[in-house]
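Printed here is run_35.tsv (TSV, C-alpha atoms):
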chain	number	residue	atom	x	y	z
M	1	MET	CA	0.00	0.00	0.00
M	2	ALA	CA	2.97	2.33	0.48
M	3	ARG	CA	3.52	2.51	-3.27
M	4	GLU	CA	-0.06	3.71	-3.72
M	5	LEU	CA	0.69	6.52	-1.26
M	6	GLY	CA	3.65	7.44	-3.46
M	7	LEU	CA	1.37	7.54	-6.50
M	8	LEU	CA	-0.92	9.97	-4.66
M	9	ASP	CA	2.11	12.02	-3.57
M	10	PRO	CA	0.28	14.08	-0.93
M	11	PRO	CA	1.84	17.33	0.32
M	12	GLY	CA	4.54	16.63	2.87
M	13	LEU	CA	5.30	13.08	1.71
M	14	LEU	CA	8.97	12.46	2.50
M	15	GLY	CA	9.11	9.20	0.60
M	16	LEU	CA	8.20	5.58	1.00
M	17	HIS	CA	10.22	2.65	2.25
M	18	VAL	CA	9.08	-0.86	1.36
M	19	LEU	CA	10.18	-4.45	1.79
M	20	GLN	CA	8.73	-5.44	-1.56
M	21	LEU	CA	8.05	-3.76	-4.86
M	22	PHE	CA	5.89	-6.07	-6.92
M	23	SER	CA	7.38	-5.44	-10.34
M	24	PHE	CA	7.39	-8.29	-12.82
M	25	PRO	CA	8.76	-8.90	-16.32
M	26	SER	CA	6.74	-7.11	-18.98
M	27	GLY	CA	7.23	-9.78	-21.62
M	28	ASP	CA	9.94	-7.87	-23.49
M	29	PRO	CA	12.91	-10.28	-23.90
M	30	ALA	CA	15.31	-7.31	-23.85
M	31	GLU	CA	14.55	-6.80	-20.14
M	32	PHE	CA	16.41	-9.99	-19.32
M	33	GLU	CA	19.64	-8.71	-20.89
M	34	LYS	CA	20.10	-6.39	-17.88
M	35	LEU	CA	19.74	-9.15	-15.30
M	36	GLY	CA	22.61	-10.71	-13.40
M	37	PRO	CA	22.90	-13.99	-11.48
M	38	GLU	CA	21.35	-12.46	-8.33
M	39	ASP	CA	18.33	-11.37	-10.37
M	40	TYR	CA	17.87	-14.82	-11.88
M	41	ALA	CA	18.06	-16.31	-8.38
M	42	GLY	CA	15.40	-13.80	-7.39
M	43	LEU	CA	13.20	-14.98	-10.27
M	44	GLU	CA	13.59	-18.58	-9.07
M	45	HIS	CA	12.62	-17.47	-5.56
M	46	LEU	CA	9.61	-15.67	-7.06
M	47	LYS	CA	8.56	-18.90	-8.76
M	48	TRP	CA	8.65	-20.66	-5.37
M	49	PHE	CA	6.89	-17.72	-3.67
M	50	GLN	CA	4.01	-17.95	-6.15
M	51	SER	CA	3.75	-21.71	-5.65
M	52	VAL	CA	3.02	-21.24	-1.93
M	53	GLY	CA	0.91	-18.09	-2.29
M	54	GLY	CA	-2.50	-19.76	-2.64
M	55	TYR	CA	-3.81	-17.52	0.12
M	56	ASN	CA	-3.68	-14.62	-2.36
M	57	THR	CA	-6.16	-16.37	-4.67
M	58	MET	CA	-8.33	-17.54	-1.79
M	59	ASN	CA	-8.49	-14.10	-0.16
M	60	ALA	CA	-9.03	-12.32	-3.48
M	61	SER	CA	-11.93	-14.55	-4.50
M	62	ARG	CA	-13.75	-15.47	-1.28
M	63	PRO	CA	-12.49	-13.37	1.64
M	64	GLN	CA	-15.73	-13.54	3.61
M	65	THR	CA	-15.91	-17.33	3.37
M	66	VAL	CA	-12.44	-17.71	4.80
M	67	ALA	CA	-13.02	-15.02	7.39
M	68	VAL	CA	-15.99	-16.85	8.93
M	69	GLY	CA	-13.81	-19.84	9.80
M	70	LEU	CA	-11.02	-17.69	11.12
M	71	SER	CA	-13.34	-15.54	13.19
M	72	ASP	CA	-15.05	-18.57	14.70
M	73	SER	CA	-12.00	-20.53	15.74
M	74	PRO	CA	-8.69	-19.64	17.33
M	75	VAL	CA	-7.41	-23.00	16.05
M	76	GLY	CA	-8.46	-22.03	12.52
M	77	GLN	CA	-6.73	-18.69	12.97
M	78	LEU	CA	-3.57	-20.43	14.16
M	79	ALA	CA	-3.62	-22.89	11.25
M	80	TYR	CA	-4.10	-20.09	8.72
M	81	ASN	CA	-1.21	-18.19	10.22
M	82	GLU	CA	1.28	-20.93	9.40
M	83	LEU	CA	2.38	-18.22	6.99
M	84	PHE	CA	4.41	-16.85	9.92
M	85	ASN	CA	6.62	-19.88	9.41
M	86	SER	CA	7.81	-18.39	6.09
M	87	PHE	CA	5.38	-20.38	3.99
M	88	GLY	CA	6.84	-23.68	5.16
M	89	ASN	CA	10.40	-23.22	3.92
M	90	GLY	CA	11.86	-23.46	7.42
M	91	THR	CA	13.61	-20.09	7.41
M	92	SER	CA	11.32	-18.16	9.74
M	93	LEU	CA	12.83	-16.36	12.67
M	94	VAL	CA	9.43	-15.48	14.13
M	95	THR	CA	9.15	-16.93	17.63
M	96	PRO	CA	6.18	-19.00	18.82
M	97	GLU	CA	5.32	-16.17	21.22
M	98	GLN	CA	5.19	-13.67	18.35
M	99	ILE	CA	2.95	-15.99	16.34
M	100	LEU	CA	0.59	-16.44	19.28
M	101	THR	CA	0.49	-12.68	19.82
M	102	GLN	CA	-0.40	-11.98	16.17
M	103	VAL	CA	-3.01	-14.76	16.07
M	104	SER	CA	-4.52	-13.51	19.33
M	105	LEU	CA	-4.75	-9.96	18.03
M	106	TYR	CA	-6.60	-11.06	14.89
M	107	TRP	CA	-8.91	-13.40	16.78
M	108	LEU	CA	-9.71	-11.19	19.78
M	109	THR	CA	-10.38	-8.13	17.60
M	110	ASN	CA	-12.21	-10.19	14.93
M	111	THR	CA	-10.30	-8.43	12.15
M	112	SER	CA	-9.49	-11.34	9.83
M	113	ALA	CA	-12.15	-10.28	7.34
M	114	THR	CA	-10.83	-6.72	7.33
M	115	ALA	CA	-7.28	-7.89	6.70
M	116	MET	CA	-8.32	-10.23	3.87
M	117	ARG	CA	-10.61	-7.74	2.21
M	118	TYR	CA	-7.57	-5.88	0.82
M	119	TYR	CA	-6.78	-8.82	-1.48
M	120	HIS	CA	-10.36	-8.85	-2.79
M	121	GLU	CA	-10.38	-5.10	-3.46
M	122	GLU	CA	-6.91	-5.11	-5.02
M	123	ALA	CA	-7.89	-7.92	-7.40
M	124	ARG	CA	-10.81	-5.82	-8.66
M	125	ALA	CA	-9.19	-2.39	-8.69
M	126	GLY	CA	-8.75	-2.33	-12.46
M	127	THR	CA	-6.13	0.38	-12.27
M	128	GLU	CA	-3.73	1.15	-15.09
M	129	ALA	CA	-0.02	0.59	-14.54
M	130	THR	CA	1.47	3.87	-13.35
M	131	VAL	CA	5.07	4.81	-12.63
M	132	ASN	CA	5.65	5.89	-9.05
M	133	ALA	CA	7.84	9.01	-8.96
M	134	ALA	CA	7.96	9.42	-5.17
M	135	ARG	CA	11.29	9.06	-3.37
M	136	THR	CA	11.53	5.32	-2.70
M	137	GLY	CA	13.64	3.07	-0.53
M	138	VAL	CA	13.68	-0.73	-0.73
M	139	ALA	CA	14.93	-3.32	1.75
M	140	VAL	CA	15.10	-6.88	0.43
M	141	PHE	CA	15.37	-9.67	3.00
M	142	ALA	CA	16.88	-13.03	1.99
M	143	ASP	CA	13.84	-15.21	2.64
M	144	ASP	CA	11.13	-12.87	1.39
M	145	PHE	CA	9.79	-11.91	-2.02
M	146	GLN	CA	12.85	-10.96	-4.07
M	147	THR	CA	12.24	-7.64	-5.77
M	148	ILE	CA	14.20	-7.49	-9.03
M	149	ARG	CA	15.86	-4.08	-9.12
M	150	ALA	CA	15.71	-3.57	-12.91
M	151	PHE	CA	11.94	-4.16	-12.91
M	152	ALA	CA	11.42	-2.08	-9.77
M	153	GLU	CA	13.30	0.88	-11.26
M	154	ARG	CA	11.25	0.61	-14.46
M	155	ASP	CA	8.02	0.96	-12.43
M	156	ASN	CA	9.37	3.40	-9.80
M	157	SER	CA	11.45	6.21	-11.25
M	158	ASN	CA	12.92	7.56	-8.02
M	159	VAL	CA	14.45	4.58	-6.19
M	160	VAL	CA	17.16	6.29	-4.16
M	161	HIS	CA	17.90	3.62	-1.55
M	162	TRP	CA	18.36	-0.14	-1.94
M	163	SER	CA	19.46	-2.59	0.76
M	164	ARG	CA	19.84	-6.36	0.84
M	165	PHE	CA	19.91	-8.38	4.04
M	166	ASP	CA	21.31	-11.90	4.30
M	167	ILE	CA	18.89	-12.91	7.05
M	168	GLY	CA	15.20	-12.31	7.59
M	169	GLY	CA	12.04	-13.02	5.71
M	170	HIS	CA	8.47	-11.97	5.04
M	171	TYR	CA	8.02	-10.73	8.60
M	172	ALA	CA	11.26	-8.76	8.85
M	173	ALA	CA	9.75	-6.33	11.35
M	174	MET	CA	9.44	-9.22	13.80
M	175	GLU	CA	12.47	-11.21	12.65
M	176	GLN	CA	15.08	-8.49	12.22
M	177	PRO	CA	13.65	-5.32	13.84
M	178	ALA	CA	17.03	-3.65	14.46
M	179	ALA	CA	18.12	-4.12	10.84
M	180	LEU	CA	14.81	-2.79	9.53
M	181	VAL	CA	14.77	0.23	11.85
M	182	GLY	CA	18.37	1.00	10.90
M	183	ASP	CA	17.46	0.87	7.22
M	184	LEU	CA	14.45	3.15	7.75
M	185	ARG	CA	16.64	5.64	9.63
M	186	THR	CA	19.27	5.59	6.87
M	187	PHE	CA	16.66	6.13	4.17
M	188	PHE	CA	14.82	8.99	5.86
M	189	ALA	CA	18.00	10.66	7.16
M	190	ALA	CA	19.30	10.92	3.61
M	191	GLY	CA	16.16	12.76	2.47
Reformat the file's structure so that it appears as structure tokens.
Amino acid sequence: MARELGLLDPPGLLGLHVLQLFSFPSGDPAEFEKLGPEDYAGLEHLKWFQSVGGYNTMNASRPQTVAVGLSDSPVGQLAYNELFNSFGNGTSLVTPEQILTQVSLYWLTNTSATAMRYYHEEARAGTEATVNAARTGVAVFADDFQTIRAFAERDNSNVVHWSRFDIGGHYAAMEQPAALVGDLRTFFAAG
């Protein structure tokens, strides 16, 4: 959602810092000429990421159906949140206590439907591809979606900060909070 804020570019926006920029190949074979070994490894990781991302399809098509089960059962909520274990690849650094805290927050506040609704709305937005010109910083963690820089810079014309971290995954804020906070400070201090 941060990228959408950049597209709006409201007065006073200092920039946006993200852990993922969802930029994909356009279909032009020439785009691949710019890619290096790290980028191709990122594409392989993307292939894996998509293979375990069935929740995107489920949430985008039937968010209310899924939400009923999650809202009714803390066990259902816990099972659904196996995503905190880095989609089953065994790399998660999220502790059991952190998982229980997140699951409890969703269940006790009954906000599963609200959280899933985003996927449904995004799938139906029908927006045209637009280049983000806002000042942008990106932090890529080893076990998360691997943003490919060449594609990200094609879709975001003002990427001024790029960091890669050898450890951490999809929940970097819980897994590597000091690294993430340091990267945020570096990005915003440079602005």
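Among the candidates M:Leu46, M:Met1, M:Leu19, M:Leu78, the one nearest to M:Asp183 when counting all atoms listed in the file is M:Leu19.
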Quick one: pull the distance between atom CA of M:Asp143 and atom CA of M:Gly27, Å, one decimal. 25.7 Å
Skipping near chain neighbours, those fewer than 2 positions away, what residues fall within 12 Å of M:His170 using only C-alpha atoms, listed as a PyMOL selection string? chain M and resi 18-20+49+83-89+91-94+139-146+167-168+172-176
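Compared by their closest atoms to M:Ala115, and using only C-alpha atoms, the residues M:Thr186, M:Asn158, M:Gln64, M:Ser23 rank with M:Gln64 nearest.
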Taken to one decimal, the atom CA of M:Ala79-atom CA of M:Phe22 distance is 26.5 Å
